[in-house]
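This report concerns only the one structure given below.
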Amino acid sequence: MSNPAKPSAPPHVAPSGVVATRWWWVRHAPVREDNGCIYGQEDLGCDTSDRVVFDAVGKILPRDAVWVASNLKRTHQTAAAIWAAGFPKPAAMPHEPAFAEQHLGEWQGLNRKAFLARQPIGSHWFGPIDEPAPGGESFMDLYNRVRGAIERINVEHAGKDVIAVAHGGTIKAAIGLALGDQPDKGLTFDIDNCSVTRLDHLTSDRHSGWRLPMVNQQPWIADASHNAMHQPAGPEIATASKLA
């Protein structure tokens with residue numbers, strides 16, 4: 001990848017005249033204190049006990065990068081665990097509220113498995129993308145605020161690497177943007193805890209677009225002893241219950 005401290009394959013190189021802003025999205029570590037309930041924007045902590053996982057994540061991240069995280073502490077704890085595993089701590093990591101998880105309103109605190117078991121087969125989220133949670137947001141609300149922040153940061157840090165520590169819904173929204181402003185398509189991707197997703201924004205004098213070098217990369221996954229870092233936290237857990 002692009003970590004100069006380790007041997008790696010050559011990075012993707014943008015064509016002459018093209019500015020590439022490379023986004024490295026990291027989903028936060030698994031939450032253990034949710035009691036199996038939907039937590040959305042509840043400010044819960046996460047499990048950062050497996051140093052091997054965070055060492056592996058750090059090995060594929062670029063050293064000279066701009067860091068940003070959501071305003072929820074589980075993303076700050078995840079970033080701190082990457083630094084504690086040996087990755088150089090950046091001088092600053094701004095907190096970006098626009099990158100917070102979807103506010104799921106009255107759904108927060110409900111049993112996740114039971115809630116998702118009521119969703120239609122093939123559903124990829126807690127509800128239709130334009131359906132607000134009672135007292136909360138729709139996925140489109142999340143998508144629009146994430147898109148606005150990405151577009152702003154693309155201008156502020158054009159041509160740089162941006163490491164963004166965020167949430168499953170946030171990263172799915174970013175993928176939907178990279179797929180040509182198709183938020184529903186972004187929801188079809190799995191985003192595991194601690195995984196890394198890379199999305200490159202490319203601009204030239206006349207055009208702009210995205211390239212998706214990798215989605216949901218889990219550099220520790222070859223060692224089964226670290227499987228506990230996967231926490232089913234989304235609609236993927238509904239499949240088994242429906243087919244049972």
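How things are named: the first chain in the structure tokens is A, the next is B, and so on; residues count from 1 in each chain; ligands count from 1 in the order shown.
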
Per residue of segment 40-129 of chain A within 12 Å of segment 196-217 of chain A, record the nearest atom pair and its distance in Å to one decimal, counting only C-alpha atoms, with rows in chain order and ascending residue number, as a Markdown table.
```
| residue | atom | partner | partner_atom | distance |
| --- | --- | --- | --- | --- |
| A:Val53 | CA | A:Val196 | CA | 11.5 |
| A:Phe54 | CA | A:Val196 | CA | 11.0 |
| A:Ala56 | CA | A:Val196 | CA | 10.5 |
| A:Val57 | CA | A:Val196 | CA | 7.4 |
| A:Gly58 | CA | A:Val196 | CA | 9.9 |
| A:Lys59 | CA | A:Val196 | CA | 11.1 |
| A:Ile60 | CA | A:Val196 | CA | 8.6 |
| A:Leu61 | CA | A:Val196 | CA | 8.6 |
| A:Pro62 | CA | A:Arg198 | CA | 11.2 |
```

Which is closer to Ala29 of chain A than all the others in A:Ile121, A:Ile171, A:Ile150, A:Ala166, using only C-alpha atoms?
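Ranking A:Ile121, A:Ile171, A:Ile150, A:Ala166 by distance to Ala29 of chain A, first place goes to A:Ala166.
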
I'd like to know which of A:Val18, A:Leu142, A:Ala149, A:Val52 is closest to His167 of chain A, using only C-alpha atoms.
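Closest candidate: A:Leu142.
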
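The nearest approach to Val165 of chain A among the residues A:Gln41, A:Pro134, A:Ser195, A:Trp220, with only C-alpha atoms taken into account, belongs to A:Ser195.
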
Any idea what's packed within 7 Å of segment 178-190 of chain A, counting only C-alpha atoms, ignoring anything in its chain fewer than 2 positions away? Could you give it as an NGL selection string?
:A and (124-125 or 129 or 143 or 172-176 or 192 or 210 or 216)

Based on the selection just made, write all heavy atoms of those residues as a CSV table (one decimal), in the first residue's frame.
```
chain,number,residue,atom,x,y,z
A,124,HIS,N,-31.1,-3.9,3.2
A,124,HIS,CA,-29.7,-3.7,3.5
A,124,HIS,C,-29.5,-2.7,4.6
A,124,HIS,O,-28.4,-2.4,5.0
A,124,HIS,CB,-29.0,-3.2,2.3
A,124,HIS,CG,-29.0,-4.2,1.1
A,124,HIS,ND1,-28.3,-5.4,1.2
A,124,HIS,CD2,-29.6,-4.1,-0.1
A,124,HIS,CE1,-28.5,-6.1,0.0
A,124,HIS,NE2,-29.3,-5.3,-0.7
A,125,TRP,N,-30.6,-2.3,5.2
A,125,TRP,CA,-30.5,-1.3,6.3
A,125,TRP,C,-31.7,-1.3,7.2
A,125,TRP,O,-32.5,-2.2,7.1
A,125,TRP,CB,-30.3,0.1,5.6
A,125,TRP,CG,-29.7,1.2,6.5
A,125,TRP,CD1,-30.3,2.3,6.9
A,125,TRP,CD2,-28.4,1.1,7.2
A,125,TRP,NE1,-29.4,3.0,7.8
A,125,TRP,CE2,-28.3,2.3,7.9
A,125,TRP,CE3,-27.4,0.2,7.2
A,125,TRP,CZ2,-27.1,2.6,8.7
A,125,TRP,CZ3,-26.3,0.5,7.9
A,125,TRP,CH2,-26.1,1.6,8.7
A,129,ILE,N,-34.3,4.0,2.4
A,129,ILE,CA,-33.4,5.1,2.5
A,129,ILE,C,-34.0,6.4,2.8
A,129,ILE,O,-33.4,7.3,3.4
A,129,ILE,CB,-32.4,5.2,1.3
A,129,ILE,CG1,-33.2,5.5,0.0
A,129,ILE,CG2,-31.6,3.9,1.1
A,129,ILE,CD1,-32.3,5.8,-1.2
A,143,TYR,N,-26.7,10.5,4.3
A,143,TYR,CA,-26.0,10.5,3.0
A,143,TYR,C,-25.7,12.0,2.7
A,143,TYR,O,-24.6,12.3,2.3
A,143,TYR,CB,-26.8,9.9,1.9
A,143,TYR,CG,-26.2,9.9,0.6
A,143,TYR,CD1,-25.2,9.1,0.2
A,143,TYR,CD2,-26.7,10.9,-0.4
A,143,TYR,CE1,-24.6,9.2,-1.0
A,143,TYR,CE2,-26.1,10.9,-1.6
A,143,TYR,CZ,-25.1,10.1,-2.0
A,143,TYR,OH,-24.5,10.2,-3.2
A,172,LYS,N,-20.8,3.5,4.1
A,172,LYS,CA,-21.7,3.1,3.0
A,172,LYS,C,-22.2,4.3,2.3
A,172,LYS,O,-22.4,4.2,1.0
A,172,LYS,CB,-22.9,2.3,3.6
A,172,LYS,CG,-22.6,0.9,4.2
A,172,LYS,CD,-23.8,0.4,5.0
A,172,LYS,CE,-23.5,-1.0,5.6
A,172,LYS,NZ,-23.8,-2.1,4.7
A,173,ALA,N,-22.5,5.4,2.9
A,173,ALA,CA,-22.8,6.6,2.2
A,173,ALA,C,-21.7,7.1,1.3
A,173,ALA,O,-22.0,7.5,0.2
A,173,ALA,CB,-23.2,7.7,3.3
A,174,ALA,N,-20.5,7.0,1.8
A,174,ALA,CA,-19.3,7.5,1.0
A,174,ALA,C,-19.2,6.6,-0.2
A,174,ALA,O,-18.9,7.1,-1.3
A,174,ALA,CB,-18.0,7.4,1.9
A,175,ILE,N,-19.4,5.3,-0.1
A,175,ILE,CA,-19.4,4.4,-1.2
A,175,ILE,C,-20.5,4.7,-2.2
A,175,ILE,O,-20.2,4.7,-3.4
A,175,ILE,CB,-19.5,2.9,-0.8
A,175,ILE,CG1,-18.3,2.5,0.1
A,175,ILE,CG2,-19.6,2.0,-2.0
A,175,ILE,CD1,-18.4,1.2,0.8
A,176,GLY,N,-21.7,5.0,-1.7
A,176,GLY,CA,-22.8,5.4,-2.6
A,176,GLY,C,-22.4,6.6,-3.4
A,176,GLY,O,-22.7,6.7,-4.6
A,192,ASP,N,-17.2,-4.1,7.8
A,192,ASP,CA,-16.9,-4.7,9.1
A,192,ASP,C,-16.1,-3.8,10.0
A,192,ASP,O,-15.5,-2.9,9.6
A,192,ASP,CB,-16.1,-6.0,8.9
A,192,ASP,CG,-16.9,-7.1,8.3
A,192,ASP,OD1,-17.8,-7.7,9.0
A,192,ASP,OD2,-16.7,-7.5,7.1
A,210,TRP,N,-14.6,9.2,-9.3
A,210,TRP,CA,-14.1,8.4,-8.2
A,210,TRP,C,-13.6,7.1,-8.7
A,210,TRP,O,-14.0,6.6,-9.7
A,210,TRP,CB,-15.2,8.1,-7.2
A,210,TRP,CG,-15.7,9.2,-6.4
A,210,TRP,CD1,-16.7,10.1,-6.7
A,210,TRP,CD2,-15.2,9.6,-5.1
A,210,TRP,NE1,-16.8,11.1,-5.7
A,210,TRP,CE2,-15.9,10.8,-4.7
A,210,TRP,CE3,-14.2,9.1,-4.2
A,210,TRP,CZ2,-15.6,11.4,-3.5
A,210,TRP,CZ3,-13.9,9.7,-3.0
A,210,TRP,CH2,-14.7,10.9,-2.7
A,216,ASN,N,-13.8,-2.7,2.4
A,216,ASN,CA,-14.0,-3.7,3.5
A,216,ASN,C,-12.7,-4.5,3.7
A,216,ASN,O,-12.8,-5.7,4.0
A,216,ASN,CB,-15.2,-4.5,3.4
A,216,ASN,CG,-15.7,-5.1,4.7
A,216,ASN,OD1,-15.6,-4.5,5.7
A,216,ASN,ND2,-16.1,-6.4,4.6
```

Looking at A:Pro97, A:Gly105, A:Gly159, A:Thr48, which one is nearest to Ile82 of chain A, with distances taken over only C-alpha atoms?
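Among A:Pro97, A:Gly105, A:Gly159, A:Thr48, it is A:Thr48 that comes nearest to Ile82 of chain A.
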
Mind checking which residues fall within 8 Å of Ala69 of chain A, counting only C-alpha atoms, ignoring those fewer than 4 positions away in the same chain, and posting them as a list of chain:residue names?
A:Thr75, A:His76, A:Met93, A:Pro94, A:His95, A:Glu96, A:Phe99, A:Ala164, A:Val165, A:Ala166

Dump N, CA, C and O atoms for the selected residues as a CSV table (one decimal), in the first residue's frame?
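Produced file selection-v3.csv, reproduced below:
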```csv
chain,number,residue,atom,x,y,z
A,75,THR,N,-15.0,6.3,17.6
A,75,THR,CA,-14.1,6.5,16.5
A,75,THR,C,-12.8,7.1,17.1
A,75,THR,O,-11.7,6.7,16.6
A,76,HIS,N,-12.8,7.9,18.1
A,76,HIS,CA,-11.6,8.4,18.7
A,76,HIS,C,-10.8,7.3,19.4
A,76,HIS,O,-9.6,7.2,19.3
A,93,MET,N,-6.5,15.7,14.9
A,93,MET,CA,-7.6,14.9,14.3
A,93,MET,C,-8.9,15.6,14.6
A,93,MET,O,-9.6,15.4,15.6
A,94,PRO,N,-9.3,16.5,13.7
A,94,PRO,CA,-10.6,17.2,13.8
A,94,PRO,C,-11.8,16.2,14.0
A,94,PRO,O,-11.8,15.2,13.3
A,95,HIS,N,-12.7,16.6,14.8
A,95,HIS,CA,-14.0,15.8,14.9
A,95,HIS,C,-15.0,16.4,14.0
A,95,HIS,O,-15.3,17.6,14.1
A,96,GLU,N,-15.6,15.6,13.1
A,96,GLU,CA,-16.5,16.0,12.1
A,96,GLU,C,-17.9,15.4,12.4
A,96,GLU,O,-18.2,14.2,12.2
A,99,PHE,N,-19.9,13.2,10.0
A,99,PHE,CA,-19.5,11.8,9.8
A,99,PHE,C,-20.0,10.9,10.9
A,99,PHE,O,-19.7,9.7,10.9
A,164,ALA,N,-10.2,8.7,7.5
A,164,ALA,CA,-11.4,9.1,8.2
A,164,ALA,C,-11.9,7.9,9.0
A,164,ALA,O,-12.3,6.8,8.5
A,165,VAL,N,-12.0,8.1,10.3
A,165,VAL,CA,-12.4,7.0,11.2
A,165,VAL,C,-13.9,7.3,11.5
A,165,VAL,O,-14.3,8.3,12.0
A,166,ALA,N,-14.8,6.4,11.1
A,166,ALA,CA,-16.2,6.6,11.1
A,166,ALA,C,-17.0,5.4,11.4
A,166,ALA,O,-16.6,4.5,12.1
```

Skip His103 of chain A itself and residues of its chain fewer than 5 positions away, then list as an MDAnalysis selection string all residues within 7 Å of it, counting only C-alpha atoms.
chainID A and resid 40:41 136:137

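Here the question is which of A:Ala81, A:Ala158, A:Leu116, A:Ala98 gets nearest to Asn144 of chain A using only C-alpha atoms, and that residue is A:Ala98.
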
Secondary structure check, alpha helix (DSSP H) residues of segment 88-184 of chain A, as a PyMOL selection string
chain A and resi 112-117+139-156+168-178+183-184

Mind checking DSSP for segment 92-237 of chain A and telling me the strand (DSSP E) residues as a ChimeraX atom specification?
/A:161-166,196-203,208-217

Report the distance between atom CA of Trp107 of chain A and atom CA of Arg32 of chain A in Å, rounded to one decimal place.
18.2 Å

Could you tell me how far atom CA of Asn35 of chain A sits from atom CA of Phe126 of chain A, in Å to one decimal place?
17.7 Å

For the atom pair atom CA of Gln77 of chain A and atom CA of Arg22 of chain A, what is the interatomic distance in Å to one decimal place?
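Value for the atom CA of Gln77 of chain A-atom CA of Arg22 of chain A distance: 22.8 Å.
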
Out of A:Arg27, A:Arg112, A:Lys89, A:Arg74, which residue has the shortest atom-to-atom distance to Tyr39 of chain A when counting only C-alpha atoms?
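The answer is A:Arg112, which sits nearest to Tyr39 of chain A.
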